[in-house]
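Visitor: Have a look at this one before I ask anything.
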Amino acid sequence: MNIVIDYNGFADRFSEKLTNIEDDISVRIIENGALGSNLCNATDTPFATNPNVTCGGQYLIVYNPDVISKCELFQSEQDACLLHEIGHILNKDENLDEVFKEMQCDNFAVKAGLAIALMNAIIKMNGLIF
């Protein structure tokens, strides 16, 4: 996996985890409102991807700084969310029900040692939504 455009040093922090991914895929992490961000719906979530669409052969993960700020996500929580979104890209071909697919994506962050950060991010996001 190749992170073409990075987010706050994410690619460096998780370079070992990302280089161990056998899939030859490229990912751009872009801000909501940037060219191509409309392919992913990041209006009410800190991070979003559409694993069925690429832009120039690259998958997009869109981040929404307004939502990240409102949720008060720490860097580790943001990293956990990014790993979850990468999980969506890696599992895009899986024919699974949505709940199980979300669990698989969560597991990608958990395997990177960010279980508590992911749980905290989910709690903060739910507090914003409800």
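Identifiers for the structure tokens are assigned positionally: chains receive A, B, ... in sequence, residues are indexed from 1 per chain, and ligands are indexed from 1 in the order shown.
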Skipping near chain neighbours, those fewer than 4 positions away, what residues fall within 10 Å of Leu90 (chain A) using only C-alpha atoms, listed as a PDB file with C-alpha atoms, in the first residue's frame?

Guide:
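In the end it all went to selection03.pdb:
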```
ATOM      1  CA  MET A   1       0.000   0.000   0.000  1.00  0.00           C
ATOM      2  CA  ILE A  21      -0.328  -5.087   3.059  1.00  0.00           C
ATOM      3  CA  GLU A  22       0.023  -7.302   0.032  1.00  0.00           C
ATOM      4  CA  ASP A  23      -2.468  -5.389  -2.103  1.00  0.00           C
ATOM      5  CA  ILE A  25      -3.033   0.028  -3.916  1.00  0.00           C
ATOM      6  CA  PRO A  51     -14.047   1.774  -1.788  1.00  0.00           C
ATOM      7  CA  HIS A  84     -10.848   1.722   9.722  1.00  0.00           C
ATOM      8  CA  GLU A  85     -11.319   3.484   6.359  1.00  0.00           C
ATOM      9  CA  ILE A  86      -8.369   1.574   4.891  1.00  0.00           C
ATOM     10  CA  GLU A  94     -16.123  -8.978   0.375  1.00  0.00           C
ATOM     11  CA  GLN A 104     -13.773  -6.271   9.861  1.00  0.00           C
ATOM     12  CA  CYS A 105     -12.809  -2.648   9.245  1.00  0.00           C
ATOM     13  CA  PHE A 108      -7.858  -3.482  11.022  1.00  0.00           C
TER      14      PHE A 108
END
```

Visitor: Which neighbours of Val62 (chain A) fall inside 12 Å, counting only C-alpha atoms, when residues of the same chain fewer than 2 positions from it are skipped, and could you give them as a PyMOL selection string?

Guide: chain A and resi 5-7+27-51+59-60+64-65+67-68+81-82+85-86

Visitor: Measuring between only C-alpha atoms, which one of A:Leu83, A:Cys71, A:Leu18, A:Ala11 shows the shortest distance to Glu102 (chain A)?

Guide: A:Leu83

Visitor: So that I can check the surroundings of Val110 (chain A), please list as a list of chain:residue names every protein, DNA and RNA residue that reaches within 12 Å of it, counting only C-alpha atoms and ignoring chain neighbours fewer than 2 positions away.

Guide: A:Lys17, A:Ser76, A:Glu77, A:Asp79, A:Ala80, A:Cys81, A:Leu82, A:Leu83, A:His84, A:Gly87, A:Met103, A:Gln104, A:Cys105, A:Asp106, A:Asn107, A:Phe108, A:Ala112, A:Gly113, A:Leu114, A:Ala115, A:Ile116, A:Ala117, A:Leu118, A:Met119

Visitor: Next, write the just-selected residues to a file, as a PDB file, in the first residue's frame, keeping N, CA and C atoms as the atom set.

Guide:
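In the end it all went to selection_15.pdb:
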```
ATOM      1  N   LYS A  17       3.041  -1.271   9.134  1.00  0.00           N
ATOM      2  CA  LYS A  17       1.722  -1.899   8.966  1.00  0.00           C
ATOM      3  C   LYS A  17       1.256  -1.775   7.510  1.00  0.00           C
ATOM      4  N   SER A  76      -4.364   9.760  17.978  1.00  0.00           N
ATOM      5  CA  SER A  76      -4.509   8.297  17.956  1.00  0.00           C
ATOM      6  C   SER A  76      -5.912   7.892  17.513  1.00  0.00           C
ATOM      7  N   GLU A  77      -6.908   8.671  17.887  1.00  0.00           N
ATOM      8  CA  GLU A  77      -8.287   8.384  17.477  1.00  0.00           C
ATOM      9  C   GLU A  77      -8.469   8.648  15.986  1.00  0.00           C
ATOM     10  N   ASP A  79      -6.036   8.370  13.799  1.00  0.00           N
ATOM     11  CA  ASP A  79      -5.323   7.255  13.163  1.00  0.00           C
ATOM     12  C   ASP A  79      -6.193   6.005  13.123  1.00  0.00           C
ATOM     13  N   ALA A  80      -6.888   5.739  14.213  1.00  0.00           N
ATOM     14  CA  ALA A  80      -7.765   4.569  14.259  1.00  0.00           C
ATOM     15  C   ALA A  80      -8.866   4.680  13.200  1.00  0.00           C
ATOM     16  N   CYS A  81      -9.414   5.877  13.046  1.00  0.00           N
ATOM     17  CA  CYS A  81     -10.451   6.097  12.027  1.00  0.00           C
ATOM     18  C   CYS A  81      -9.878   5.890  10.620  1.00  0.00           C
ATOM     19  N   LEU A  82      -8.670   6.388  10.387  1.00  0.00           N
ATOM     20  CA  LEU A  82      -8.037   6.197   9.077  1.00  0.00           C
ATOM     21  C   LEU A  82      -7.803   4.719   8.785  1.00  0.00           C
ATOM     22  N   LEU A  83      -7.340   3.985   9.782  1.00  0.00           N
ATOM     23  CA  LEU A  83      -7.135   2.542   9.590  1.00  0.00           C
ATOM     24  C   LEU A  83      -8.461   1.841   9.317  1.00  0.00           C
ATOM     25  N   HIS A  84      -9.518   2.272   9.984  1.00  0.00           N
ATOM     26  CA  HIS A  84     -10.848   1.722   9.722  1.00  0.00           C
ATOM     27  C   HIS A  84     -11.226   1.963   8.256  1.00  0.00           C
ATOM     28  N   GLY A  87      -9.489  -0.253   6.032  1.00  0.00           N
ATOM     29  CA  GLY A  87     -10.157  -1.555   6.100  1.00  0.00           C
ATOM     30  C   GLY A  87     -11.280  -1.669   5.085  1.00  0.00           C
ATOM     31  N   MET A 103     -17.273  -4.492  11.360  1.00  0.00           N
ATOM     32  CA  MET A 103     -16.441  -5.167  12.358  1.00  0.00           C
ATOM     33  C   MET A 103     -15.077  -5.519  11.768  1.00  0.00           C
ATOM     34  N   GLN A 104     -15.049  -5.958  10.510  1.00  0.00           N
ATOM     35  CA  GLN A 104     -13.773  -6.271   9.861  1.00  0.00           C
ATOM     36  C   GLN A 104     -12.915  -5.019   9.726  1.00  0.00           C
ATOM     37  N   CYS A 105     -13.544  -3.909   9.377  1.00  0.00           N
ATOM     38  CA  CYS A 105     -12.809  -2.648   9.245  1.00  0.00           C
ATOM     39  C   CYS A 105     -12.285  -2.188  10.600  1.00  0.00           C
ATOM     40  N   ASP A 106     -13.106  -2.324  11.630  1.00  0.00           N
ATOM     41  CA  ASP A 106     -12.657  -2.009  12.988  1.00  0.00           C
ATOM     42  C   ASP A 106     -11.463  -2.871  13.368  1.00  0.00           C
ATOM     43  N   ASN A 107     -11.504  -4.130  12.979  1.00  0.00           N
ATOM     44  CA  ASN A 107     -10.446  -5.069  13.321  1.00  0.00           C
ATOM     45  C   ASN A 107      -9.095  -4.638  12.742  1.00  0.00           C
ATOM     46  N   PHE A 108      -9.112  -3.962  11.612  1.00  0.00           N
ATOM     47  CA  PHE A 108      -7.858  -3.482  11.022  1.00  0.00           C
ATOM     48  C   PHE A 108      -7.181  -2.483  11.963  1.00  0.00           C
ATOM     49  N   ALA A 112      -3.701  -2.975  14.727  1.00  0.00           N
ATOM     50  CA  ALA A 112      -2.613  -1.997  14.772  1.00  0.00           C
ATOM     51  C   ALA A 112      -2.405  -1.464  16.187  1.00  0.00           C
ATOM     52  N   GLY A 113      -3.149  -2.005  17.153  1.00  0.00           N
ATOM     53  CA  GLY A 113      -2.995  -1.595  18.542  1.00  0.00           C
ATOM     54  C   GLY A 113      -3.823  -0.391  18.944  1.00  0.00           C
ATOM     55  N   LEU A 114      -4.846  -0.069  18.161  1.00  0.00           N
ATOM     56  CA  LEU A 114      -5.624   1.126  18.435  1.00  0.00           C
ATOM     57  C   LEU A 114      -7.071   0.823  18.839  1.00  0.00           C
ATOM     58  N   ALA A 115      -7.274  -0.266  19.549  1.00  0.00           N
ATOM     59  CA  ALA A 115      -8.637  -0.641  19.957  1.00  0.00           C
ATOM     60  C   ALA A 115      -9.272   0.422  20.841  1.00  0.00           C
ATOM     61  N   ILE A 116      -8.548   0.884  21.843  1.00  0.00           N
ATOM     62  CA  ILE A 116      -9.111   1.876  22.760  1.00  0.00           C
ATOM     63  C   ILE A 116      -9.319   3.206  22.048  1.00  0.00           C
ATOM     64  N   ALA A 117      -8.384   3.584  21.203  1.00  0.00           N
ATOM     65  CA  ALA A 117      -8.530   4.832  20.447  1.00  0.00           C
ATOM     66  C   ALA A 117      -9.750   4.765  19.533  1.00  0.00           C
ATOM     67  N   LEU A 118      -9.955   3.628  18.892  1.00  0.00           N
ATOM     68  CA  LEU A 118     -11.119   3.471  18.017  1.00  0.00           C
ATOM     69  C   LEU A 118     -12.408   3.547  18.823  1.00  0.00           C
ATOM     70  N   MET A 119     -12.425   2.864  19.957  1.00  0.00           N
ATOM     71  CA  MET A 119     -13.612   2.893  20.818  1.00  0.00           C
ATOM     72  C   MET A 119     -13.914   4.324  21.267  1.00  0.00           C
TER      73      MET A 119
END
```

Visitor: May I ask which of the residues A:Gly57, A:Glu72, A:Gln78, A:Ser26 is the closest one to Asn8 (chain A), counting only C-alpha atoms?

Guide: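 Ranking A:Gly57, A:Glu72, A:Gln78, A:Ser26 by distance to Asn8 (chain A), first place goes to A:Gln78.
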
Visitor: Where does DSSP see strand (DSSP E or B) in region 5-77 of chain A, if you list the residues as an MDAnalysis selection string?

Guide: chainID A and resid 5 26:31 47:55 58:63

Visitor: Would you save the residues of that selection, restricted to N, CA and C atoms, as a PDB file, in the first residue's frame?

Guide:
```pdb
ATOM      1  N   ILE A   5      -0.839  10.958  -0.725  1.00  0.00           N
ATOM      2  CA  ILE A   5      -0.955  12.216   0.015  1.00  0.00           C
ATOM      3  C   ILE A   5      -1.285  11.850   1.447  1.00  0.00           C
ATOM      4  N   SER A  26      -2.945   2.422  -4.029  1.00  0.00           N
ATOM      5  CA  SER A  26      -2.516   3.762  -3.658  1.00  0.00           C
ATOM      6  C   SER A  26      -3.700   4.497  -3.046  1.00  0.00           C
ATOM      7  N   VAL A  27      -3.406   5.276  -2.019  1.00  0.00           N
ATOM      8  CA  VAL A  27      -4.438   6.012  -1.303  1.00  0.00           C
ATOM      9  C   VAL A  27      -4.018   7.475  -1.192  1.00  0.00           C
ATOM     10  N   ARG A  28      -4.968   8.363  -1.448  1.00  0.00           N
ATOM     11  CA  ARG A  28      -4.779   9.788  -1.207  1.00  0.00           C
ATOM     12  C   ARG A  28      -5.699  10.192  -0.071  1.00  0.00           C
ATOM     13  N   ILE A  29      -5.165  10.872   0.919  1.00  0.00           N
ATOM     14  CA  ILE A  29      -5.965  11.379   2.032  1.00  0.00           C
ATOM     15  C   ILE A  29      -6.124  12.879   1.793  1.00  0.00           C
ATOM     16  N   ILE A  30      -7.364  13.301   1.517  1.00  0.00           N
ATOM     17  CA  ILE A  30      -7.606  14.687   1.122  1.00  0.00           C
ATOM     18  C   ILE A  30      -8.665  15.323   2.014  1.00  0.00           C
ATOM     19  N   GLU A  31      -8.642  16.639   2.055  1.00  0.00           N
ATOM     20  CA  GLU A  31      -9.595  17.384   2.877  1.00  0.00           C
ATOM     21  C   GLU A  31     -10.951  17.468   2.181  1.00  0.00           C
ATOM     22  N   PHE A  47     -13.989  11.011   8.831  1.00  0.00           N
ATOM     23  CA  PHE A  47     -13.284  10.404   7.701  1.00  0.00           C
ATOM     24  C   PHE A  47     -14.272   9.555   6.916  1.00  0.00           C
ATOM     25  N   ALA A  48     -14.055   9.489   5.609  1.00  0.00           N
ATOM     26  CA  ALA A  48     -14.936   8.668   4.775  1.00  0.00           C
ATOM     27  C   ALA A  48     -14.163   8.200   3.550  1.00  0.00           C
ATOM     28  N   THR A  49     -14.587   7.069   3.019  1.00  0.00           N
ATOM     29  CA  THR A  49     -14.054   6.571   1.755  1.00  0.00           C
ATOM     30  C   THR A  49     -15.181   5.930   0.972  1.00  0.00           C
ATOM     31  N   ASN A  50     -14.977   5.810  -0.300  1.00  0.00           N
ATOM     32  CA  ASN A  50     -15.875   5.046  -1.156  1.00  0.00           C
ATOM     33  C   ASN A  50     -15.012   3.999  -1.829  1.00  0.00           C
ATOM     34  N   PRO A  51     -14.981   2.785  -1.287  1.00  0.00           N
ATOM     35  CA  PRO A  51     -14.047   1.774  -1.788  1.00  0.00           C
ATOM     36  C   PRO A  51     -14.360   1.287  -3.198  1.00  0.00           C
ATOM     37  N   ASN A  52     -15.482   1.694  -3.746  1.00  0.00           N
ATOM     38  CA  ASN A  52     -15.848   1.265  -5.096  1.00  0.00           C
ATOM     39  C   ASN A  52     -15.429   2.259  -6.168  1.00  0.00           C
ATOM     40  N   VAL A  53     -14.786   3.353  -5.764  1.00  0.00           N
ATOM     41  CA  VAL A  53     -14.412   4.410  -6.708  1.00  0.00           C
ATOM     42  C   VAL A  53     -12.939   4.762  -6.506  1.00  0.00           C
ATOM     43  N   THR A  54     -12.233   4.937  -7.610  1.00  0.00           N
ATOM     44  CA  THR A  54     -10.867   5.459  -7.562  1.00  0.00           C
ATOM     45  C   THR A  54     -10.805   6.739  -8.387  1.00  0.00           C
ATOM     46  N   CYS A  55      -9.823   7.535  -8.114  1.00  0.00           N
ATOM     47  CA  CYS A  55      -9.594   8.784  -8.835  1.00  0.00           C
ATOM     48  C   CYS A  55      -8.148   8.739  -9.324  1.00  0.00           C
ATOM     49  N   GLN A  58      -6.254   5.907  -7.762  1.00  0.00           N
ATOM     50  CA  GLN A  58      -5.995   5.989  -6.328  1.00  0.00           C
ATOM     51  C   GLN A  58      -7.312   6.030  -5.563  1.00  0.00           C
ATOM     52  N   TYR A  59      -7.341   5.321  -4.446  1.00  0.00           N
ATOM     53  CA  TYR A  59      -8.489   5.392  -3.552  1.00  0.00           C
ATOM     54  C   TYR A  59      -8.390   6.683  -2.757  1.00  0.00           C
ATOM     55  N   LEU A  60      -9.527   7.245  -2.451  1.00  0.00           N
ATOM     56  CA  LEU A  60      -9.559   8.478  -1.680  1.00  0.00           C
ATOM     57  C   LEU A  60     -10.093   8.212  -0.276  1.00  0.00           C
ATOM     58  N   ILE A  61      -9.452   8.820   0.691  1.00  0.00           N
ATOM     59  CA  ILE A  61     -10.017   8.936   2.030  1.00  0.00           C
ATOM     60  C   ILE A  61     -10.131  10.428   2.283  1.00  0.00           C
ATOM     61  N   VAL A  62     -11.333  10.861   2.601  1.00  0.00           N
ATOM     62  CA  VAL A  62     -11.596  12.279   2.814  1.00  0.00           C
ATOM     63  C   VAL A  62     -11.703  12.536   4.313  1.00  0.00           C
ATOM     64  N   TYR A  63     -11.048  13.588   4.768  1.00  0.00           N
ATOM     65  CA  TYR A  63     -11.188  13.980   6.164  1.00  0.00           C
ATOM     66  C   TYR A  63     -11.926  15.307   6.244  1.00  0.00           C
TER      67      TYR A  63
END
```

Visitor: Enumerate the residues of region 6-99 of chain A with a DSSP assignment of helix (DSSP H, G or I), computed from the backbone, and present them as a PyMOL selection string.

Guide: chain A and resi 10-13+15-19+37-39+65-71+75-90+98-99

Visitor: To one decimal place in Å, what is the distance between CA of Asn95 (chain A) and CA of Asn20 (chain A)?

Guide: 23.7 Å

Visitor: Using Å and a single decimal, report how far CA of Ile3 (chain A) sits from CA of Ile122 (chain A).

Guide: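 Here the two named atoms are 24.1 Å from each other.
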